[in-house]
Structures are given as structure tokens and as C-alpha cells.
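A.B. asks: The structure file query00.cif (mmCIF, C-alpha atoms) is provided below.
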data_my_file
loop_
_atom_site.label_atom_id
_atom_site.label_comp_id
_atom_site.auth_asym_id
_atom_site.auth_seq_id
_atom_site.Cartn_x
_atom_site.Cartn_y
_atom_site.Cartn_z
CA TYR A 5 97.52 112.97 157.37
CA ARG A 6 96.06 113.95 153.99
CA LYS A 7 97.71 110.97 152.31
CA ASN A 8 96.11 108.72 154.92
CA ILE A 9 92.72 110.21 154.01
CA LEU A 10 93.32 109.18 150.41
CA ILE A 11 94.52 105.72 151.46
CA ASN A 12 91.38 105.16 153.54
CA PHE A 13 89.07 106.33 150.75
CA GLN A 14 90.73 104.09 148.18
CA SER A 15 90.76 101.15 150.61
CA TYR A 16 87.21 101.32 151.94
CA VAL A 17 85.06 103.03 149.31
CA THR A 18 84.17 100.46 146.67
CA PRO A 19 81.67 101.42 143.92
CA ASP A 20 78.77 99.75 145.70
CA LYS A 21 79.52 101.66 148.92
CA ASP A 22 80.12 105.08 147.36
CA PHE A 23 77.71 108.01 147.66
CA PRO A 24 77.93 111.82 147.27
CA LEU A 25 79.32 113.71 150.23
CA ARG A 26 76.16 115.82 150.38
CA LYS A 27 74.24 112.70 151.47
CA PHE A 28 76.51 111.97 154.43
CA THR A 29 74.73 112.28 157.78
CA GLU A 30 76.61 109.99 160.16
CA ARG A 31 79.28 107.31 160.24
CA THR A 32 77.84 103.85 159.73
CA GLY A 33 81.02 102.00 158.73
CA PHE A 34 84.48 102.39 157.27
CA ALA A 35 83.22 103.58 153.85
CA SER A 36 80.94 106.27 155.26
CA MET A 37 83.79 107.40 157.54
CA ALA A 38 86.12 107.77 154.54
CA ILE A 39 83.52 109.81 152.67
CA GLY A 40 82.08 111.94 155.47
CA TYR A 41 85.20 112.59 157.53
CA GLY A 42 87.93 112.16 154.91
CA LYS A 43 86.45 113.61 151.73
CA GLY A 44 84.72 116.25 153.85
CA ALA A 45 88.02 117.35 155.39
CA MET A 46 89.68 117.47 151.97
CA LEU A 47 86.84 119.61 150.60
CA PHE A 48 87.67 122.32 153.14
CA HIS A 49 91.41 121.97 152.52
CA MET A 50 90.93 122.41 148.77
CA LEU A 51 88.55 125.31 149.39
CA GLU A 52 91.19 127.06 151.51
CA ASP A 53 93.73 126.60 148.71
CA LEU A 54 91.25 128.00 146.20
CA ILE A 55 90.29 131.23 147.99
CA GLY A 56 93.29 131.82 150.29
CA ARG A 57 93.76 131.37 154.03
CA ASP A 58 92.60 134.84 155.15
CA THR A 59 89.41 134.68 153.09
CA PHE A 60 88.83 131.13 154.27
CA SER A 61 89.03 132.25 157.94
CA ARG A 62 86.67 135.18 157.33
CA SER A 63 84.22 132.84 155.59
CA LEU A 64 84.16 130.51 158.59
CA ARG A 65 83.53 133.42 160.93
CA ARG A 66 80.67 134.59 158.70
CA LEU A 67 79.23 131.05 158.62
CA ILE A 68 79.23 130.92 162.42
CA GLU A 69 77.81 134.41 162.83
CA ASP A 70 75.02 133.92 160.29
CA ASN A 71 73.95 130.54 161.65
CA LYS A 72 74.13 130.95 165.41
CA PHE A 73 71.72 128.73 167.33
CA ARG A 74 70.54 126.82 164.28
CA GLU A 75 71.62 123.94 162.10
CA ALA A 76 73.57 125.07 159.03
CA SER A 77 73.33 123.35 155.65
CA TRP A 78 75.83 122.91 152.83
CA ALA A 79 73.93 125.72 151.06
CA ASP A 80 74.74 127.97 154.04
CA VAL A 81 78.39 127.01 153.80
CA GLU A 82 78.46 127.83 150.09
CA HIS A 83 76.68 131.15 150.67
CA SER A 84 79.14 132.28 153.36
CA PHE A 85 82.21 131.43 151.28
CA GLU A 86 80.82 133.10 148.16
CA LYS A 87 80.00 136.29 150.07
CA GLU A 88 83.48 136.62 151.58
CA SER A 89 85.45 135.54 148.50
CA GLY A 90 83.36 137.34 145.89
CA LYS A 91 83.58 134.18 143.76
CA ASP A 92 80.94 131.95 142.23
CA LEU A 93 81.69 128.64 143.94
CA GLU A 94 78.70 126.67 142.71
CA TRP A 95 80.93 124.55 140.46
CA PHE A 96 83.26 123.69 143.34
CA PHE A 97 80.53 122.55 145.73
CA SER A 98 78.76 120.70 142.92
CA GLU A 99 81.92 118.75 142.04
CA TRP A 100 82.85 117.78 145.58
CA LEU A 101 79.40 117.40 147.14
CA ASP A 102 77.31 115.89 144.36
CA ARG A 103 79.74 113.65 142.45
CA LYS A 104 80.65 110.18 143.62
CA GLY A 105 84.26 109.07 143.69
CA VAL A 106 87.37 111.19 143.25
CA PRO A 107 89.42 112.29 140.22
CA SER A 108 92.04 109.99 138.79
CA PHE A 109 95.05 111.52 137.03
CA GLU A 110 97.44 109.86 134.60
CA ILE A 111 100.75 111.30 133.39
CA ARG A 112 101.64 110.37 129.83
CA SER A 113 104.81 110.90 127.78
CA PRO A 114 106.93 112.45 130.55
CA GLY A 115 110.28 113.55 129.19
CA ALA A 116 113.03 116.19 129.04
CA LEU A 117 113.71 118.21 125.90
CA VAL A 118 115.11 121.55 124.76
CA LEU A 119 112.35 123.97 123.77
CA GLN A 120 113.23 127.41 122.39
CA GLY A 121 116.78 126.79 123.60
CA ILE A 122 115.63 126.12 127.18
CA PRO A 123 115.82 122.80 129.12
CA THR A 124 112.21 121.78 129.58
CA ALA A 125 110.12 119.10 131.27
CA SER A 126 107.19 118.01 129.12
CA PHE A 127 104.23 115.76 129.84
CA GLU A 128 100.55 115.25 129.21
CA LEU A 129 98.05 115.02 132.07
CA VAL A 130 94.93 112.98 131.47
CA GLN A 131 91.88 112.85 133.73
CA LYS A 132 90.11 109.49 133.65
CA GLY A 133 86.35 109.81 133.62
CA GLY A 134 84.61 113.18 133.67
CA PRO A 135 87.21 115.93 134.27
CA TYR A 136 87.33 117.99 137.45
CA ARG A 137 88.48 121.57 137.84
CA ALA A 138 91.50 121.26 140.11
CA THR A 139 94.95 122.65 140.78
CA LEU A 140 97.81 120.18 141.10
CA SER A 141 101.30 121.10 142.29
CA ALA A 142 104.19 120.01 140.09
CA LYS A 143 107.89 119.92 140.98
CA ILE A 144 110.67 119.55 138.42
CA ILE A 145 113.94 118.26 139.87
CA THR A 146 117.29 118.99 138.22
CA GLY A 147 120.84 118.52 139.45
CA ARG A 148 120.84 121.70 141.56
CA GLU A 149 117.32 123.10 141.73
CA GLU A 150 113.64 122.37 142.12
CA VAL A 151 111.16 124.22 139.90
CA LYS A 152 107.65 124.42 141.35
CA LYS A 153 104.56 125.04 139.27
CA SER A 154 100.79 124.99 139.82
CA LEU A 155 98.85 123.15 137.12
CA SER A 156 95.30 124.37 136.48
CA LEU A 157 93.17 121.50 135.23
CA GLU A 158 89.72 121.51 133.71
CA LYS A 159 89.96 119.35 130.59
CA GLU A 160 90.26 115.63 130.03
CA ARG A 161 93.70 116.04 128.40
CA GLN A 162 96.19 118.89 128.85
CA SER A 163 99.85 119.24 127.83
CA PHE A 164 102.46 121.06 129.91
CA ALA A 165 106.02 122.29 129.36
CA ILE A 166 107.92 123.63 132.38
CA ALA A 167 111.23 125.42 131.86
CA ALA A 168 114.30 124.83 134.04
CA LYS A 169 117.86 126.11 134.17
CA GLU A 170 119.33 122.61 133.86
CA ASN A 171 118.33 119.34 132.30
CA PRO A 172 115.28 118.05 134.25
CA SER A 173 115.62 114.60 135.80
CA ASP A 174 112.35 113.94 137.65
CA LEU A 175 108.76 115.13 137.80
CA VAL A 176 106.77 114.99 141.06
CA ILE A 177 103.02 115.68 141.09
CA ASP A 178 101.02 116.55 144.23
CA ALA A 179 103.65 115.55 146.78
CA GLY A 180 101.69 117.38 149.50
CA TYR A 181 98.41 115.58 148.77
CA ASP A 182 96.45 118.78 148.37
CA VAL A 183 93.82 117.30 146.03
CA MET A 184 91.40 114.46 146.77
CA ARG A 185 92.42 111.91 144.14
CA THR A 186 93.22 108.29 143.38
CA LEU A 187 96.69 107.22 144.45
CA GLU A 188 99.13 105.67 142.00
CA PRO A 189 100.22 102.08 142.84
CA ASN A 190 103.66 103.30 144.02
CA GLU A 191 101.95 105.68 146.50
CA PHE A 192 99.46 103.13 147.84
CA PRO A 193 100.99 101.13 150.72
CA PRO A 194 99.84 97.66 151.71
CA VAL A 195 97.86 98.43 154.87
CA ILE A 196 95.21 96.72 156.97
CA ALA A 197 92.53 99.07 155.58
CA ARG A 198 93.01 97.54 152.13
CA LEU A 199 92.39 94.09 153.57
CA LEU A 200 89.30 95.18 155.50
CA GLY A 201 87.85 97.26 152.66
CA ASP A 202 88.23 94.73 149.87
CA ASP A 203 84.96 93.40 148.50
CA LYS A 204 86.54 89.95 148.18
CA LYS A 205 88.56 88.85 151.22
CA LEU A 206 89.51 85.50 152.63
CA VAL A 207 90.81 84.21 155.98
CA VAL A 208 93.00 81.13 155.65
CA TYR A 209 93.65 79.12 158.82
CA PRO A 210 96.01 76.19 159.50
CA GLU A 211 93.93 73.11 160.26
CA ASN A 212 96.30 72.01 163.04
CA GLU A 213 95.86 75.38 164.84
CA LYS A 214 92.16 75.90 164.23
CA ASP A 215 91.32 76.30 167.90
CA LYS A 216 94.08 78.87 168.51
CA TYR A 217 92.63 81.22 165.89
CA ALA A 218 88.94 80.38 166.35
CA LYS A 219 87.90 83.70 167.91
CA LEU A 220 89.75 85.78 165.31
CA VAL A 221 88.26 83.73 162.47
CA ALA A 222 84.73 84.16 163.86
CA ILE A 223 85.12 87.94 164.19
CA PHE A 224 86.49 88.36 160.66
CA LYS A 225 83.78 86.11 159.26
CA ASP A 226 81.19 88.43 160.81
CA GLU A 227 82.94 91.30 158.96
CA GLY A 228 82.36 89.71 155.57
CA PHE A 229 85.43 87.49 155.17
CA SER A 230 85.15 84.05 153.61
CA VAL A 231 86.96 81.32 155.53
CA LYS A 232 88.99 78.35 154.26
CA GLY A 233 91.55 75.94 155.60
CA GLN A 234 95.03 76.30 154.12
CA HIS A 235 94.72 73.10 152.05
CA GLU A 236 91.42 74.23 150.50
CA VAL A 237 92.89 77.36 148.89
CA ASN A 238 93.66 77.22 145.17
CA ASP A 239 95.52 79.66 142.91
CA LYS A 240 92.29 81.36 141.84
CA ASP A 241 91.44 82.12 145.49
CA ALA A 242 94.91 83.55 146.07
CA GLN A 243 94.75 85.74 142.97
CA SER A 244 91.21 87.06 143.26
CA SER A 245 91.11 87.89 146.98
CA SER A 246 92.89 89.87 149.62
CA LEU A 247 94.09 87.30 152.12
CA LEU A 248 94.58 87.03 155.87
CA LEU A 249 96.87 84.03 156.39
CA LEU A 250 97.05 82.71 159.94
CA GLY A 251 100.11 80.95 161.34
CA SER A 252 103.73 81.55 160.38
CA GLU A 253 103.94 78.11 158.72
CA ASN A 254 100.80 78.60 156.61
CA SER A 255 101.30 76.69 153.35
CA VAL A 256 99.63 79.45 151.28
CA LEU A 257 102.12 81.96 152.67
CA LYS A 258 104.99 79.74 151.55
CA ARG A 259 103.43 79.34 148.09
CA LEU A 260 103.13 83.10 147.63
CA PHE A 261 106.40 84.29 149.14
CA GLY A 262 108.59 81.18 149.20
CA LYS A 263 109.18 81.32 152.93
CA ALA A 264 107.50 81.19 156.32
CA GLY A 265 106.26 84.29 158.13
CA GLU A 266 107.74 86.08 161.09
CA ARG A 267 107.60 84.55 164.53
CA GLY A 268 108.01 86.57 167.67
CA PRO A 269 106.59 87.03 171.14
CA GLY A 270 102.91 87.85 171.44
CA PHE A 271 101.04 88.51 168.20
CA THR A 272 102.42 89.83 164.90
CA LEU A 273 100.57 90.94 161.76
CA VAL A 274 102.30 92.01 158.52
CA VAL A 275 100.62 93.26 155.31
CA ARG A 276 102.28 92.99 151.90
CA ASN A 277 101.18 93.39 148.29
CA ASN A 278 99.71 90.26 146.76
CA PRO A 279 102.38 89.00 144.31
CA LEU A 280 99.65 87.46 142.11
CA ASN A 281 97.50 90.61 141.93
CA PRO A 282 98.89 94.09 142.77
CA SER A 283 95.39 95.42 143.48
CA LYS A 284 95.09 93.00 146.41
CA VAL A 285 97.04 92.55 149.65
CA VAL A 286 98.20 89.59 151.70
CA ALA A 287 98.30 89.87 155.49
CA TYR A 288 99.90 87.15 157.57
CA ALA A 289 99.48 86.88 161.31
CA ASN A 290 101.01 84.71 163.98
CA GLY A 291 100.20 84.35 167.67
CA VAL A 292 102.28 82.33 170.10
CA SER A 293 99.17 81.22 172.00
CA LYS A 294 95.39 81.29 171.90
CA GLU A 295 95.43 83.87 174.71
CA GLU A 296 97.64 86.26 172.70
CA VAL A 297 95.38 85.88 169.63
CA ASP A 298 92.13 86.35 171.58
CA LEU A 299 93.41 89.54 173.23
CA VAL A 300 93.91 91.32 169.88
CA ALA A 301 91.23 89.76 167.65
CA GLU A 302 88.87 92.74 167.94
CA LYS A 303 91.60 95.42 168.09
CA ILE A 304 92.98 94.92 164.58
CA PHE A 305 90.10 96.92 163.06
CA HIS A 306 91.31 100.07 164.83
CA TYR A 307 94.73 99.98 163.15
CA GLY A 308 93.69 100.26 159.52
CA LYS A 309 96.45 102.63 158.41
CA TYR A 310 99.32 100.34 159.41
CA SER A 311 101.29 97.67 157.54
CA VAL A 312 102.88 96.01 160.59
CA LEU A 313 101.47 95.45 164.09
CA ARG A 314 103.04 93.81 167.11
CA PHE A 315 101.24 93.08 170.38
CA GLU A 316 102.27 91.52 173.67
CA LYS A 317 99.59 90.53 176.17
CA GLY A 318 97.07 92.57 174.18
CA LYS A 319 99.12 95.78 174.27
CA ASN A 320 100.39 97.29 171.06
CA ILE A 321 104.17 97.62 171.21
CA ALA A 322 104.97 98.50 167.58
CA LYS A 323 103.20 99.73 164.46
CA GLU A 324 104.62 100.67 161.08
CA VAL A 325 103.49 101.87 157.65
CA ALA A 326 105.31 100.52 154.61
CA GLU A 327 107.27 103.21 152.75
CA THR A 328 105.82 104.37 149.44
CA ASP A 329 106.40 107.28 147.07
CA ARG A 330 105.35 110.73 148.20
CA GLY A 331 103.48 112.09 145.21
CA MET A 332 103.29 110.83 141.64
CA ILE A 333 106.96 110.48 140.59
CA PHE A 334 108.22 110.12 137.03
CA ASN A 335 111.71 109.88 135.56
CA LEU A 336 112.21 112.38 132.73
CA GLN A 337 115.43 111.00 131.30
CA ALA A 338 113.70 108.52 129.00
CA PRO A 339 112.71 110.24 125.71
CA ALA A 340 109.11 111.40 125.47
CA GLU A 341 106.98 108.91 123.58
CA GLY A 342 104.54 111.29 121.94
CA ILE A 343 105.92 113.17 118.92
CA GLU A 344 102.63 115.03 118.49
CA LEU A 345 102.85 116.20 122.11
CA LYS A 346 106.29 117.72 121.47
CA LYS A 347 105.01 119.63 118.42
CA SER A 348 102.14 121.21 120.36
CA LEU A 349 104.09 122.32 123.43
CA LYS A 350 104.55 125.90 124.52
CA LEU A 351 106.49 126.96 127.60
CA ASP A 352 104.36 127.50 130.71
CA ASN A 353 105.69 130.73 132.18
#
Render the structure in this file as C-alpha cells.
C.D. replies:
Amino acid sequence: YRKNILINFQSYVTPDKDFPLRKFTERTGFASMAIGYGKGAMLFHMLEDLIGRDTFSRSLRRLIEDNKFREASWADVEHSFEKESGKDLEWFFSEWLDRKGVPSFEIRSPGALVLQGIPTASFELVQKGGPYRATLSAKIITGREEVKKSLSLEKERQSFAIAAKENPSDLVIDAGYDVMRTLEPNEFPPVIARLLGDDKKLVVYPENEKDKYAKLVAIFKDEGFSVKGQHEVNDKDAQSSSLLLLGSENSVLKRLFGKAGERGPGFTLVVRNNPLNPSKVVAYANGVSKEEVDLVAEKIFHYGKYSVLRFEKGKNIAKEVAETDRGMIFNLQAPAEGIELKKSLKLDN
């Protein structure tokens, strides 16, 4: 569920649609939903991790008791949690309420070495943009054990060395999605939300089946999609846009993937990564009749988290999400690239 929150945020919240959570008042579209509902939910999850479950529950009870029969503000929320936890939480609410966007983490020079005679996983963690104060979970995998560690972050660049009993093979960061953050490409599945949320998106229809897909094309055009016939699309269009290709025999589909799309009863939609641009997706859809297409044209928007949809007579009969990594995963067997990193490391006990 938390990973889906991150997928939705990354899919729908483009820079021109972003705003601080404190300014959220109501859902007005997919982007505001991802900020208000998604980022808002993650704020409370991270707050619970920060102060502990029991204190979190007491703080909620205090919030309710102190604000009965009136509208509470974010300042009231902060006050209640500070009173119960005994902590100054101004920095936390400032980071997650008043800053746009979410933190983006990069792992550099991951590797395994022997430090002070002990098998050790080493790496550098870099925050892109202004650093956040956050705690990321790390897991070191060896042949027979998993070593778990919490990483306290507050600087733009920090180095870590985690000891193990055996030679470390893999590093996994934030597998439980406990921090609101940008997903790595290997964690970010091709889903309908990425198609709908892209600021440059194109519907491509087969000229010989224009009438069959007319209703779907009109609805997607109203949602900000450009529209072209399959023979009007050039390589620049295919590379710069997320695409919705209609018809299993669509010529653009064959150019991108070297084969036709799936055909089956009813209506099928499949989303894949754009082979010309990994930051974009390609969805291809096929309906056996105009009736099957018309029955689902407006429903697709409610299935944003899925990679595959199948409908028969307007009823959804199957939905799938493409498999992706759970957490940021790095192989440690390759030697660490940074010699200076190795010199500066100390074991994190």
C-alpha cells in the first residue's frame, strides 16, 4: 500500500502540479489526491516511526480531546504530538508540510570489504537537492543471515559501513517503504497512472478502426492527451511521449516492440516501459468491438495502479501489476569504486 502511494505521487505529481501538503484542502484531481491523501498518510506513518506507536496513539487521543467540536489545524496536530512525545517536532512538520516534492536518495560505491578484520558492507548515501532528516532501513544479505540497520540521515552525503559475520552479497534499502521518497527505476512499475500523469501523452489510433475507438479517443483527449493516427507518428513522438496505442495491429506498436499486441475476448490494456525512453510508458489496448471499447472507456481512469487490465462486457475480469524490486537493491560483490570512501569508513555498531 505504501509503495503504491509512492508510485501515485511519482506518476501524477509533476513540478507544475506540486504544492506543499499544508496547502491541501480537497481533492481536485490525481495530483492533489497523491499529495493530500498519499503524502498526508505517509506523514503520519513516518511520525509514528519517529516517536513510537504508544506515544503516537496517546498523541491522537490528545488531539481529539483537545479539539472536540471544532476544526483542528496542522498547528494543533503538531502541538498534541509535541506535548505527548516531549520532542520538538517543528523540523519534522516543516519538512513534510511546507516543502514541495519528496527526498531522492542515491547509493554510490556499494561494495563488500574487510574492515578491522570484519566482513563489511560499505556505501555512500547521497540526497539529491536539499537534504531531509530521515531514517532509512538497510538490510545486508549474506549467505546465511540478514543484518538490519537503521540509517539516520540529515546531510547531503553520508558514508556507512555495516558489519556482518559473512561476506555481504546484497544491500537493500527501505524495502518496507517507510519513507516518502522517489522510487528507483527498478522499483517503478509501468502502470496506468504513469500514462495518465505524464505531462506529454499521446493517443495513437488505427485509421481503419477510427470509429471503434472514437469514444475512448474523445475521453482521453478531454484529459489532456494529444491524438494522432498511427501513420502520423514519428520517432520523436514515440520517444518524447507516453503513448496509448489502440488496436493490436497498430504499426507504432510493431515499431517499438517488433510484434503485434495481445488479442483476446472483450477489452485488454497492457502497460510497458517505453523502449525509447525509460521515463515514459507505452500502453496498448485492443477491443474486439466498439461496444466492448465504449463500455470501458471511462473506467480506465479508476485503475491507475495496474499494468494489465482485462474486461468482458464492461466487467473487469483480471488486473495485474508488473513485478518490480521491493526496495533499492544493490549487488555488493563488485569492488567499491571510491577509494576515498574506503579510507574514511568506520564500522557502524
A.B. asks: Take the point (89.1, 84.8, 151.6) in the file's coordinates, draw a sphere of radius 9 Å around it, and report as a list of chain:residue names every protein, DNA or RNA residue with an atom inside or on it, counting all atoms listed in the file.
C.D. replies: A:Lys204, A:Lys205, A:Leu206, A:Val207, A:Val208, A:Phe229, A:Ser230, A:Val231, A:Lys232, A:Val237, A:Asp241, A:Ala242, A:Ser244, A:Ser245, A:Ser246, A:Leu247, A:Leu248
A.B. asks: Which residues, named as in the file, does the PyMOL selection byres ((chain A and resi 38) around 12) pick out? Answer as a PDB file with C-alpha atoms, in the coordinates of the input.
C.D. replies:
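part-v5.pdb was written with the following content:
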ATOM      1  CA  ARG A   6      96.060 113.950 153.990  1.00  0.00           C
ATOM      2  CA  ASN A   8      96.110 108.720 154.920  1.00  0.00           C
ATOM      3  CA  ILE A   9      92.720 110.210 154.010  1.00  0.00           C
ATOM      4  CA  LEU A  10      93.320 109.180 150.410  1.00  0.00           C
ATOM      5  CA  ILE A  11      94.520 105.720 151.460  1.00  0.00           C
ATOM      6  CA  ASN A  12      91.380 105.160 153.540  1.00  0.00           C
ATOM      7  CA  PHE A  13      89.070 106.330 150.750  1.00  0.00           C
ATOM      8  CA  GLN A  14      90.730 104.090 148.180  1.00  0.00           C
ATOM      9  CA  SER A  15      90.760 101.150 150.610  1.00  0.00           C
ATOM     10  CA  TYR A  16      87.210 101.320 151.940  1.00  0.00           C
ATOM     11  CA  VAL A  17      85.060 103.030 149.310  1.00  0.00           C
ATOM     12  CA  THR A  18      84.170 100.460 146.670  1.00  0.00           C
ATOM     13  CA  LYS A  21      79.520 101.660 148.920  1.00  0.00           C
ATOM     14  CA  ASP A  22      80.120 105.080 147.360  1.00  0.00           C
ATOM     15  CA  PHE A  23      77.710 108.010 147.660  1.00  0.00           C
ATOM     16  CA  PRO A  24      77.930 111.820 147.270  1.00  0.00           C
ATOM     17  CA  LEU A  25      79.320 113.710 150.230  1.00  0.00           C
ATOM     18  CA  PHE A  28      76.510 111.970 154.430  1.00  0.00           C
ATOM     19  CA  GLU A  30      76.610 109.990 160.160  1.00  0.00           C
ATOM     20  CA  ARG A  31      79.280 107.310 160.240  1.00  0.00           C
ATOM     21  CA  THR A  32      77.840 103.850 159.730  1.00  0.00           C
ATOM     22  CA  GLY A  33      81.020 102.000 158.730  1.00  0.00           C
ATOM     23  CA  PHE A  34      84.480 102.390 157.270  1.00  0.00           C
ATOM     24  CA  ALA A  35      83.220 103.580 153.850  1.00  0.00           C
ATOM     25  CA  SER A  36      80.940 106.270 155.260  1.00  0.00           C
ATOM     26  CA  MET A  37      83.790 107.400 157.540  1.00  0.00           C
ATOM     27  CA  ILE A  39      83.520 109.810 152.670  1.00  0.00           C
ATOM     28  CA  GLY A  40      82.080 111.940 155.470  1.00  0.00           C
ATOM     29  CA  TYR A  41      85.200 112.590 157.530  1.00  0.00           C
ATOM     30  CA  GLY A  42      87.930 112.160 154.910  1.00  0.00           C
ATOM     31  CA  LYS A  43      86.450 113.610 151.730  1.00  0.00           C
ATOM     32  CA  GLY A  44      84.720 116.250 153.850  1.00  0.00           C
ATOM     33  CA  ALA A  45      88.020 117.350 155.390  1.00  0.00           C
ATOM     34  CA  MET A  46      89.680 117.470 151.970  1.00  0.00           C
ATOM     35  CA  GLY A 105      84.260 109.070 143.690  1.00  0.00           C
ATOM     36  CA  VAL A 106      87.370 111.190 143.250  1.00  0.00           C
ATOM     37  CA  MET A 184      91.400 114.460 146.770  1.00  0.00           C
ATOM     38  CA  ALA A 197      92.530  99.070 155.580  1.00  0.00           C
ATOM     39  CA  GLY A 201      87.850  97.260 152.660  1.00  0.00           C
ATOM     40  CA  GLY A 308      93.690 100.260 159.520  1.00  0.00           C
TER      41      GLY A 308
END
A.B. asks: Evaluate the PyMOL selection byres ((chain A and resi 264) around 9) on the structure here and hand back the selected residues as a PyMOL selection string.
C.D. replies: chain A and resi 251-255+257-258+261-263+265-267
A.B. asks: Please evaluate the PyMOL selection byres ((chain A and resi 324) around 9) against the structure above and give the resulting residues as a list in words.
C.D. replies: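 Against this file, the PyMOL selection byres ((chain A and resi 324) around 9) returns the residues Lys309, Tyr310, Ser311, Val312, Leu313, Ala322, Lys323, Val325 and Ala326 of chain A.
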A.B. asks: Record the distance separating atom CA of Pro172 of chain A and atom CA of Tyr5 of chain A, expressed in Å with one decimal.
C.D. replies: 29.6 Å
A.B. asks: To one decimal place in Å, what is the distance between atom CA of Lys143 of chain A and atom CA of Ala179 of chain A?
C.D. replies: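 Rounded to one decimal, the two atoms are 8.4 Å apart.
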A.B. asks: Would you mind reading off the distance between atom CA of Arg112 of chain A and atom CA of Glu128 of chain A, one decimal, in Å?
C.D. replies: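 Atom-to-atom, atom CA of Arg112 of chain A and atom CA of Glu128 of chain A are spaced 5.0 Å apart.
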A.B. asks: Which one of A:Ser173, A:Trp78, A:Pro123, A:Ile166 sits closest to Leu101 of chain A if you count all atoms listed in the file?
C.D. replies: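 Closest to Leu101 of chain A, using all atoms listed in the file: A:Trp78.
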A.B. asks: Calculated over all atoms listed in the file, which of the candidates A:Gly121, A:Pro210, A:Gly134, A:Gly291 has the smallest distance to Glu170 of chain A?
C.D. replies: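 Checking each candidate against Glu170 of chain A, we get A:Gly121 as the closest.
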A.B. asks: Taking only C-alpha atoms into account, which of A:Ile321, A:Leu199, A:Leu250, A:Val292 comes nearest Asn278 of chain A?
C.D. replies: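 Residue with the minimum atom-to-atom distance to Asn278 of chain A: A:Leu199.
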A.B. asks: So, with all atoms listed in the file as the atoms that count, which of A:Ile111, A:Ala287, A:Ala76, A:Leu280 lies closest to Glu188 of chain A?
C.D. replies: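 When distances to Glu188 of chain A are compared using all atoms listed in the file, the smallest one comes from A:Ile111.
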A.B. asks: Mind checking which residues fall within 8 Å of Ala142 of chain A, counting only C-alpha atoms, ignoring those fewer than 4 positions away in the same chain, and posting them as a PyMOL selection string?
C.D. replies: chain A and resi 152-155+175-178
A.B. asks: A:Leu51, A:Thr328, A:Thr29, A:Thr59: which is nearest Asn190 of chain A, counting all atoms listed in the file?
C.D. replies: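 Using all atoms listed in the file, Asn190 of chain A sits closest to A:Thr328.
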A.B. asks: Between A:Asp92, A:Arg330, A:Pro19, A:His235, which has the minimum distance to Asp202 of chain A (counting all atoms listed in the file)?
C.D. replies: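 Among A:Asp92, A:Arg330, A:Pro19, A:His235, it is A:Pro19 that comes nearest to Asp202 of chain A.
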